[in-house]
$ cat input_38.cif   # mmCIF, C-alpha atoms
data_upload
loop_
_atom_site.label_atom_id
_atom_site.label_comp_id
_atom_site.auth_asym_id
_atom_site.auth_seq_id
_atom_site.Cartn_x
_atom_site.Cartn_y
_atom_site.Cartn_z
CA MET L 1 15.68 -52.31 52.55
CA LEU L 2 15.40 -48.87 51.06
CA THR L 3 12.27 -46.95 51.98
CA THR L 4 9.72 -45.62 49.52
CA ARG L 5 10.82 -42.16 50.57
CA SER L 6 14.38 -42.84 49.46
CA LEU L 7 13.35 -44.30 46.12
CA PHE L 8 11.19 -41.56 44.74
CA LEU L 9 12.79 -38.13 44.79
CA ALA L 10 11.55 -34.83 43.41
CA PHE L 11 10.93 -34.36 39.70
CA GLY L 12 13.41 -32.08 38.01
CA PHE L 13 16.56 -33.79 39.26
CA SER L 14 17.96 -36.95 37.74
CA SER L 15 17.02 -39.66 40.23
CA LEU L 16 18.39 -43.12 39.59
CA LEU L 17 17.57 -46.63 40.67
CA LEU L 18 20.71 -48.70 40.22
CA MET L 19 19.84 -52.26 39.24
CA SER L 20 22.11 -55.22 39.87
CA GLY L 21 21.35 -58.73 38.66
CA CYS L 22 17.64 -59.33 39.19
CA GLY L 23 17.13 -56.74 41.92
CA MET L 24 18.04 -53.28 43.05
CA SER L 25 21.23 -52.95 45.03
CA LYS L 26 21.31 -49.26 45.87
CA MET L 27 19.97 -45.88 44.87
CA SER L 28 21.85 -42.76 43.88
CA SER L 29 20.52 -39.26 43.32
CA LEU L 30 22.52 -37.19 40.88
CA ASN L 31 22.03 -33.48 40.29
CA PRO L 32 23.11 -32.63 36.73
CA PHE L 33 22.81 -28.93 37.56
CA HIS L 34 25.37 -29.01 40.37
CA GLY L 35 27.78 -26.11 39.96
CA ARG L 36 25.69 -24.55 37.21
CA LYS L 37 24.27 -21.04 37.41
CA SER L 38 20.63 -20.71 38.39
CA PHE L 39 17.87 -18.93 36.51
CA GLU L 40 17.62 -15.34 37.82
CA PRO L 41 14.80 -13.29 36.24
CA GLU L 42 15.18 -9.52 36.43
CA LYS L 43 11.64 -8.98 37.67
CA THR L 44 9.04 -11.22 39.32
CA ALA L 45 5.48 -10.72 40.50
CA SER L 46 4.03 -11.97 43.77
CA ALA L 47 1.86 -15.08 43.63
CA SER L 48 0.89 -15.08 47.32
CA ALA L 49 -2.84 -14.65 46.59
CA ALA L 50 -2.82 -17.93 44.63
CA ILE L 51 -0.90 -20.03 47.20
CA THR L 52 -2.30 -22.02 50.12
CA LYS L 53 -0.76 -24.59 52.45
CA THR L 54 -1.64 -28.28 52.32
CA GLY L 55 0.11 -29.29 55.54
CA LYS L 56 1.06 -32.60 53.95
CA GLU L 57 4.43 -34.33 53.67
CA ALA L 58 5.18 -36.49 50.62
CA VAL L 59 6.63 -39.97 51.21
CA SER L 60 6.39 -41.34 47.65
CA ILE L 61 6.53 -39.42 44.37
CA LEU L 62 5.64 -41.13 41.10
CA ARG L 63 4.79 -39.94 37.60
CA ASP L 64 1.06 -40.39 38.22
CA GLY L 65 0.73 -39.83 41.95
CA VAL L 66 2.14 -38.58 45.23
CA THR L 67 1.54 -40.39 48.53
CA PHE L 68 1.50 -38.38 51.75
CA SER L 69 2.54 -39.41 55.27
CA ASP L 70 -1.10 -39.45 56.44
CA GLY L 71 -2.00 -42.09 53.82
CA THR L 72 -3.86 -39.78 51.47
CA PHE L 73 -2.55 -39.47 47.94
CA LEU L 74 -2.55 -36.98 45.07
CA THR L 75 -3.42 -37.88 41.48
CA ARG L 76 -4.17 -35.79 38.40
CA GLY L 77 -7.72 -35.54 39.75
CA GLY L 78 -6.68 -34.06 43.12
CA ILE L 79 -6.19 -35.32 46.67
CA SER L 80 -7.96 -38.56 47.57
CA ALA L 81 -10.72 -38.89 50.13
CA ILE L 82 -9.44 -42.31 51.23
CA ARG L 83 -6.24 -43.31 52.98
CA LEU L 84 -3.85 -46.07 52.00
CA PRO L 85 -2.68 -48.71 54.49
CA LYS L 86 0.47 -47.79 56.41
CA GLY L 87 3.64 -48.54 54.45
CA PHE L 88 1.86 -48.60 51.08
CA HIS L 89 2.12 -46.00 48.33
CA PHE L 90 -0.14 -45.17 45.40
CA VAL L 91 0.67 -46.83 42.06
CA THR L 92 -2.37 -46.36 39.81
CA ARG L 93 -6.12 -45.93 39.70
CA SER L 94 -8.63 -47.54 37.36
CA GLY L 95 -12.36 -46.93 37.76
CA ARG L 96 -13.39 -48.16 41.20
CA TYR L 97 -9.97 -49.64 41.92
CA VAL L 98 -6.88 -48.11 43.51
CA LEU L 99 -3.66 -50.11 43.39
CA ALA L 100 -1.12 -49.58 46.17
CA ALA L 101 2.21 -51.31 46.78
CA ASP L 102 5.02 -51.41 49.31
CA ASP L 103 8.77 -51.97 49.06
CA THR L 104 8.65 -55.72 49.74
CA GLY L 105 6.55 -56.80 46.74
CA ALA L 106 3.20 -56.75 48.55
CA PHE L 107 0.29 -54.96 46.91
CA LYS L 108 -3.33 -54.17 47.69
CA VAL L 109 -6.33 -53.34 45.53
CA LEU L 110 -8.68 -50.93 47.30
CA ASP L 111 -12.17 -49.63 46.61
CA SER L 112 -11.70 -46.02 45.50
CA LYS L 113 -14.77 -44.81 47.40
CA SER L 114 -14.63 -46.68 50.69
CA GLY L 115 -10.90 -47.37 50.88
CA LYS L 116 -11.66 -50.98 51.81
CA THR L 117 -9.11 -53.58 50.70
CA ILE L 118 -10.67 -55.80 48.02
CA HIS L 119 -7.62 -57.93 47.20
CA GLU L 120 -4.05 -58.33 48.39
CA GLY L 121 -1.12 -60.24 46.98
CA LYS L 122 2.65 -60.54 46.92
CA LEU L 123 5.21 -60.49 44.11
CA GLU L 124 8.85 -61.51 44.26
CA TYR L 125 9.93 -57.93 43.52
CA PRO L 126 8.08 -54.65 44.12
CA LEU L 127 5.90 -53.50 41.24
CA VAL L 128 6.87 -50.10 39.85
CA SER L 129 4.14 -49.54 37.24
CA ALA L 130 0.82 -51.18 36.53
CA ALA L 131 -2.66 -51.01 35.02
CA ILE L 132 -5.82 -52.83 36.10
CA ARG L 133 -8.02 -54.07 33.28
CA GLY L 134 -10.98 -56.23 34.20
CA GLN L 135 -9.78 -58.95 36.59
CA ARG L 136 -6.12 -58.61 35.64
CA ILE L 137 -3.21 -56.46 36.75
CA TYR L 138 -0.64 -55.85 34.01
CA TYR L 139 2.57 -54.80 35.72
CA VAL L 140 6.31 -54.22 35.50
CA SER L 141 8.30 -55.06 38.62
CA GLN L 142 11.53 -53.63 39.92
CA ASP L 143 13.62 -56.32 38.21
CA ASN L 144 12.17 -55.24 34.81
CA ARG L 145 9.83 -58.20 34.62
CA PHE L 146 6.51 -57.93 32.79
CA GLY L 147 3.72 -59.84 34.42
CA VAL L 148 -0.01 -60.45 34.43
CA TYR L 149 -1.67 -61.11 37.78
CA SER L 150 -5.17 -62.63 37.88
CA LEU L 151 -7.36 -61.22 40.66
CA SER L 152 -9.85 -64.07 40.28
CA ALA L 153 -7.18 -66.81 40.35
CA LYS L 154 -5.12 -64.91 42.95
CA LYS L 155 -1.84 -65.61 41.18
CA THR L 156 0.55 -64.46 38.46
CA THR L 157 -0.37 -66.13 35.18
CA ILE L 158 2.33 -64.59 32.96
CA SER L 159 5.83 -63.51 33.97
CA ALA L 160 8.73 -62.71 31.65
CA LYS L 161 12.04 -60.94 32.11
CA VAL L 162 12.09 -58.10 29.57
CA GLY L 163 15.72 -56.96 29.45
CA ARG L 164 18.57 -55.35 31.31
CA ALA L 165 18.20 -51.97 32.99
CA PHE L 166 21.08 -50.84 35.17
CA ALA L 167 20.08 -47.26 35.99
CA VAL L 168 16.46 -46.11 35.93
CA ASP L 169 14.90 -42.67 36.17
CA THR L 170 12.26 -42.95 38.91
CA ARG L 171 9.62 -40.99 36.95
CA ILE L 172 8.31 -44.32 35.69
CA ALA L 173 5.21 -44.17 33.47
CA ASN L 174 2.20 -46.48 33.91
CA PRO L 175 0.67 -48.49 31.03
CA ILE L 176 -2.03 -46.84 28.89
CA SER L 177 -4.86 -48.06 26.69
CA LEU L 178 -4.66 -47.54 22.93
CA GLY L 179 -7.82 -48.74 21.25
CA SER L 180 -8.32 -52.33 22.33
CA ASP L 181 -4.62 -52.74 23.14
CA LEU L 182 -2.56 -51.98 26.22
CA VAL L 183 0.80 -50.22 25.92
CA VAL L 184 3.19 -51.24 28.71
CA PRO L 185 6.45 -49.29 29.21
CA THR L 186 9.44 -51.28 30.44
CA LEU L 187 12.51 -50.14 32.35
CA ASP L 188 14.86 -50.67 29.40
CA GLY L 189 13.14 -48.35 26.92
CA LYS L 190 10.63 -50.68 25.28
CA LEU L 191 6.89 -50.33 24.73
CA LEU L 192 5.05 -53.66 24.83
CA ILE L 193 1.83 -53.67 22.78
CA ILE L 194 -0.53 -56.21 24.33
CA ASN L 195 -3.97 -57.47 23.39
CA PRO L 196 -5.66 -58.21 26.75
CA ALA L 197 -7.69 -60.95 25.04
CA ASN L 198 -4.42 -62.77 24.29
CA PRO L 199 -1.72 -61.28 26.55
CA LYS L 200 0.88 -63.87 25.48
CA ALA L 201 0.96 -62.37 21.96
CA VAL L 202 3.16 -59.34 22.59
CA ARG L 203 4.47 -56.87 20.04
CA GLY L 204 7.28 -54.49 20.93
CA LEU L 205 8.62 -51.07 20.05
CA ALA L 206 12.12 -50.03 21.18
CA ILE L 207 12.48 -46.29 21.67
CA GLY L 208 16.04 -46.30 22.99
CA ASP L 209 19.27 -48.26 22.80
CA ASP L 210 20.92 -47.74 26.16
CA TYR L 211 20.83 -49.71 29.40
CA ASN L 212 21.08 -46.56 31.55
CA LEU L 213 18.38 -43.91 32.02
CA ASN L 214 16.41 -45.28 29.13
CA ASN L 215 13.05 -46.07 30.72
CA VAL L 216 9.82 -44.39 29.68
CA ILE L 217 8.99 -41.42 31.96
CA PHE L 218 6.01 -40.07 30.00
CA LEU L 219 3.39 -42.03 28.07
CA LYS L 220 0.12 -40.72 26.62
CA LYS L 221 -1.96 -41.20 23.51
CA LEU L 222 -2.71 -38.41 21.05
CA GLY L 223 -5.32 -39.57 18.57
CA GLY L 224 -3.91 -42.79 17.13
CA ARG L 225 -0.37 -41.87 18.14
CA ILE L 226 1.74 -42.86 21.12
CA ILE L 227 3.63 -39.94 22.67
CA ALA L 228 6.42 -41.18 24.91
CA ALA L 229 9.56 -39.79 26.49
CA THR L 230 12.71 -41.20 28.04
CA PRO L 231 15.08 -38.93 29.98
CA LYS L 232 16.94 -38.37 26.71
CA LYS L 233 14.30 -38.06 23.98
CA LEU L 234 10.67 -37.56 23.04
CA ILE L 235 9.03 -39.83 20.46
CA SER L 236 5.76 -39.84 18.51
CA ALA L 237 4.81 -43.23 17.10
CA ALA L 238 1.98 -44.01 14.69
CA PRO L 239 1.42 -47.01 12.39
CA GLY L 240 4.23 -46.92 9.83
CA ALA L 241 5.98 -43.86 11.24
CA MET L 242 8.02 -42.80 14.26
CA HIS L 243 9.37 -39.30 14.89
CA LYS L 244 11.82 -38.33 17.60
CA TYR L 245 13.08 -35.15 19.24
CA GLU L 246 16.33 -35.63 21.11
CA ALA L 247 16.86 -33.45 24.19
CA PRO L 248 17.25 -33.91 27.95
CA VAL L 249 13.63 -34.14 29.09
CA GLY L 250 12.48 -32.12 32.10
CA ASP L 251 8.73 -32.59 31.74
CA VAL L 252 6.07 -33.07 29.05
CA THR L 253 2.38 -32.30 28.72
CA ILE L 254 -0.23 -32.47 25.98
CA ALA L 255 -2.94 -29.84 25.42
CA GLY L 256 -5.38 -30.59 22.62
CA HIS L 257 -3.24 -31.62 19.66
CA THR L 258 -0.14 -29.80 20.88
CA ILE L 259 2.81 -31.13 22.85
CA TYR L 260 4.78 -28.93 25.26
CA LEU L 261 8.26 -29.99 26.34
CA LEU L 262 10.59 -28.65 29.03
CA THR L 263 14.26 -29.42 28.30
CA GLY L 264 17.22 -29.74 30.59
CA ASP L 265 18.94 -26.84 28.86
CA GLY L 266 16.23 -24.34 29.80
CA ARG L 267 13.91 -24.41 26.80
CA VAL L 268 10.14 -24.50 26.54
CA VAL L 269 9.29 -26.16 23.21
CA LYS L 270 5.90 -26.31 21.49
CA LEU L 271 5.57 -29.26 19.11
CA SER L 272 3.09 -30.72 16.64
CA PRO L 273 1.92 -34.37 16.96
CA SER L 274 4.71 -35.32 14.53
CA LEU L 275 7.20 -33.38 16.70
CA LYS L 276 7.67 -30.45 14.36
CA VAL L 277 8.82 -27.42 16.35
CA LEU L 278 6.07 -24.79 16.31
CA ALA L 279 7.67 -22.39 18.78
CA GLN L 280 10.29 -22.35 21.49
CA ARG L 281 11.61 -20.05 24.19
CA GLN L 282 14.93 -20.15 25.98
CA PHE L 283 15.35 -19.32 29.67
CA PRO L 284 19.09 -19.40 30.46
CA TYR L 285 20.06 -21.70 33.33
CA ALA L 286 16.48 -22.72 34.08
CA GLN L 287 16.16 -26.04 35.92
CA PHE L 288 12.59 -26.92 35.04
CA ALA L 289 10.51 -29.16 37.30
CA ALA L 290 6.96 -29.14 35.91
CA ILE L 291 4.80 -27.86 33.06
CA ALA L 292 1.05 -27.28 32.77
CA VAL L 293 -1.38 -25.80 30.26
CA VAL L 294 -4.46 -24.21 31.84
CA GLY L 295 -6.98 -21.94 30.11
CA GLY L 296 -4.75 -21.52 27.07
CA ARG L 297 -1.80 -20.40 29.21
CA VAL L 298 1.47 -22.32 29.54
CA TYR L 299 3.05 -22.60 33.00
CA ALA L 300 6.69 -23.66 33.42
CA LEU L 301 8.09 -24.01 36.93
CA ASP L 302 11.79 -23.56 37.60
CA ARG L 303 13.23 -25.22 40.71
CA SER L 304 14.43 -21.85 42.00
CA GLY L 305 10.79 -20.81 42.40
CA ALA L 306 10.26 -18.85 39.20
CA LEU L 307 6.89 -19.74 37.68
CA ILE L 308 6.84 -18.58 34.05
CA VAL L 309 3.38 -17.93 32.61
CA MET L 310 3.20 -17.68 28.80
CA ASP L 311 0.57 -17.42 26.11
CA SER L 312 0.19 -20.37 23.74
CA THR L 313 2.66 -18.82 21.25
CA LEU L 314 5.30 -18.60 24.03
CA LYS L 315 5.88 -14.93 23.13
CA LYS L 316 4.08 -13.13 25.96
CA SER L 317 5.17 -13.96 29.47
CA ARG L 318 5.17 -12.98 33.12
CA ILE L 319 7.21 -14.51 35.91
CA TYR L 320 5.91 -15.10 39.43
CA ASP L 321 7.91 -15.95 42.55
CA VAL L 322 6.32 -19.01 44.15
CA GLY L 323 9.25 -20.17 46.28
CA SER L 324 11.82 -22.83 45.50
CA VAL L 325 10.98 -26.50 44.89
CA ASP L 326 12.68 -28.51 47.61
CA ASP L 327 10.84 -31.83 47.33
CA TYR L 328 8.43 -32.29 44.43
CA ALA L 329 6.16 -30.57 41.90
CA PHE L 330 2.96 -32.15 40.60
CA VAL L 331 0.15 -30.77 38.43
CA ALA L 332 -3.47 -31.77 39.08
CA GLY L 333 -5.99 -29.97 36.89
CA SER L 334 -5.54 -26.23 37.38
CA ARG L 335 -3.50 -26.66 40.54
CA LEU L 336 0.24 -27.01 40.99
CA TYR L 337 1.30 -28.84 44.13
CA LYS L 338 4.83 -28.38 45.42
CA ASP L 339 6.29 -29.33 48.77
CA ASP L 340 3.52 -28.42 51.29
CA GLU L 341 1.83 -25.80 49.09
CA VAL L 342 -0.75 -25.67 46.32
CA ILE L 343 -0.87 -22.93 43.67
CA ASP L 344 -4.11 -22.07 41.87
CA LEU L 345 -2.79 -21.52 38.34
CA SER L 346 -6.06 -20.01 37.14
CA LYS L 347 -5.31 -16.96 39.32
CA LEU L 348 -2.00 -16.25 37.55
CA SER L 349 -1.83 -14.72 34.08
CA PHE L 350 0.73 -12.95 31.88
#
$ encode --input "input_38.cif" --output "structure tokens"
Amino acid sequence: MLTTRSLFLAFGFSSLLLMSGCGMSKMSSLNPFHGRKSFEPEKTASASAAITKTGKEAVSILRDGVTFSDGTFLTRGGISAIRLPKGFHFVTRSGRYVLAADDTGAFKVLDSKSGKTIHEGKLEYPLVSAAIRGQRIYYVSQDNRFGVYSLSAKKTTISAKVGRAFAVDTRIANPISLGSDLVVPTLDGKLLIINPANPKAVRGLAIGDDYNLNNVIFLKKLGGRIIAATPKKLISAAPGAMHKYEAPVGDVTIAGHTIYLLTGDGRVVKLSPSLKVLAQRQFPYAQFAAIAVVGGRVYALDRSGALIVMDSTLKKSRIYDVGSVDDYAFVAGSRLYKDDEVIDLSKLSF
């Protein structure tokens, strides 16, 4: 059995889960930048005054959370006050509930304030993304199966194989709410549109046509639009219209009504909700790991340790040396967590 640590590698590299039949047979981590030149800015400023140590070691790294060896976990809201049971990693949080899972298919629902286990169950395959709505867990498991688990009935009430997915990028997005509906991303590049009042009536939107590296790694709503990304493209979907921007995706964030994209070829791209390019900046050989927008400033982190701070037009910039990214990079509010350090982005300007 592969450990959680082996499954979820640092953002910025192409990490794959190789699927065989109805389960995962092995995992391979590929570095698409191997042998390529690194980004080498002519001048950098020190960021030491903005950096502190966390003293924590990551054991699971997901799109929406990082679990540490001491059982605490990091979400977009910061580091938790509670600890997860040993062997379990953070999956998602919803109101007073925290959902944690292990590598065998077991899962636990915990109270977000006390850390007490409220419910525990077991699936045939480990769940990889989920959302809790009311007394139901809407999930996708490692074999690309969509399911609905009833907390009150203590069993799975709906389970359906979605499609084939042979190689999956581990930055798997969780479901989101869109009005009264729930949008569930699958491992083969589909978005399932579900009405929780009648979860058997499922609509679908395919945003890719490949069995490899086609899963959704970013999923947010922007007004009435769905903004989603696979490792190969960014899409903006609204009733009656879908726009796409094809590029290797490093990271994505949304600030107000603007989308910021980091590409695998070293670009920072500013886009409108319909994916019209508003501005872009090229940084030769950059291997981007994370992006953030704080206080009107855009922060793009290169794996070599160059943190590029730009104004919203991407014209003005300053580059800080924050040390290389060896394990992971994760943005929570105005703080950038990487490896065992945290960087206060509000202290760095251009």
$ resolve_selection --input "input_38.cif" --expression "the PyMOL selection byres ((chain L and resi 82) around 8)" --output "MDAnalysis selection string"
chainID L and resid 71:72 80:81 83:84 112:115
$ write_last_selection --input "input_38.cif" --atoms "C-alpha atoms" --output "tab-separated table (two decimals), keeping the file's coordinate frame"
chain	number	residue	atom	x	y	z
L	71	GLY	CA	-2.00	-42.09	53.82
L	72	THR	CA	-3.86	-39.78	51.47
L	80	SER	CA	-7.96	-38.56	47.57
L	81	ALA	CA	-10.72	-38.89	50.13
L	83	ARG	CA	-6.24	-43.31	52.98
L	84	LEU	CA	-3.85	-46.07	52.00
L	112	SER	CA	-11.70	-46.02	45.50
L	113	LYS	CA	-14.77	-44.81	47.40
L	114	SER	CA	-14.63	-46.68	50.69
L	115	GLY	CA	-10.90	-47.37	50.88
$ atom_distance --input "input_38.cif" --atom1 "CA of Leu62 in chain L" --atom2 "CA of Ala160 in chain L"
23.8 Å
$ residues_around --input "input_38.cif" --residues "Val298 in chain L" --least-positions-apart "3" --cutoff "6 Å" --atoms "all atoms listed in the file" --output "PDB file with C-alpha atoms, in the coordinates of the input"
ATOM      1  CA  ALA L 292       1.050 -27.280  32.770  1.00  0.00           C
ATOM      2  CA  VAL L 293      -1.380 -25.800  30.260  1.00  0.00           C
ATOM      3  CA  VAL L 309       3.380 -17.930  32.610  1.00  0.00           C
ATOM      4  CA  MET L 310       3.200 -17.680  28.800  1.00  0.00           C
TER       5      MET L 310
END
$ axis_aligned_box --input "input_38.cif" --around "range 107-112 of chain L" --padding-each-side "5 Å" --output "JSON"
{"center_x": -5.9, "center_y": -50.5, "center_z": 46.6, "size_x": 22.5, "size_y": 18.9, "size_z": 12.2}
$ atom_distance --input "input_38.cif" --atom1 "CA of Phe166 in chain L" --atom2 "CA of Leu99 in chain L"
26.1 Å
$ resolve_selection --input "input_38.cif" --expression "the PyMOL selection byres ((chain L and resi 253) around 12)" --output "PyMOL selection string"
chain L and resi 63+217-222+227-229+234+249-252+254-262+268-271+273+290-294+298-300+330-333
$ resolve_selection --input "input_38.cif" --expression "the PyMOL selection byres ((chain L and resi 131) around 12)" --output "VMD selection string"
chain L and resid 64 91 to 95 97 to 100 109 127 to 130 132 to 140 146 to 149 173 to 177 182 to 185 196
$ closest_residue --input "input_38.cif" --among "L:Lys155, L:Ile226, L:Ala165, L:Asn215" --to "Ile193 in chain L" --atoms "all atoms listed in the file"
L:Ile226
$ closest_residue --input "input_38.cif" --among "L:Ser346, L:Ser274, L:Ser150, L:Gln280" --to "Lys315 in chain L" --atoms "all atoms listed in the file"
L:Gln280
$ closest_residue --input "input_38.cif" --among "L:Lys53, L:Arg225, L:Arg164, L:Arg303" --to "Gly179 in chain L" --atoms "all atoms listed in the file"
L:Arg225
$ atom_distance --input "input_38.cif" --atom1 "CA of Val59 in chain L" --atom2 "CA of Gln142 in chain L"
18.4 Å
$ closest_residue --input "input_38.cif" --among "L:Lys347, L:His119, L:Arg203, L:Arg335" --to "Ser46 in chain L" --atoms "only C-alpha atoms"
L:Lys347
$ closest_residue --input "input_38.cif" --among "L:Ala50, L:Leu345, L:Val202, L:Leu213" --to "Arg297 in chain L" --atoms "all atoms listed in the file"
L:Leu345
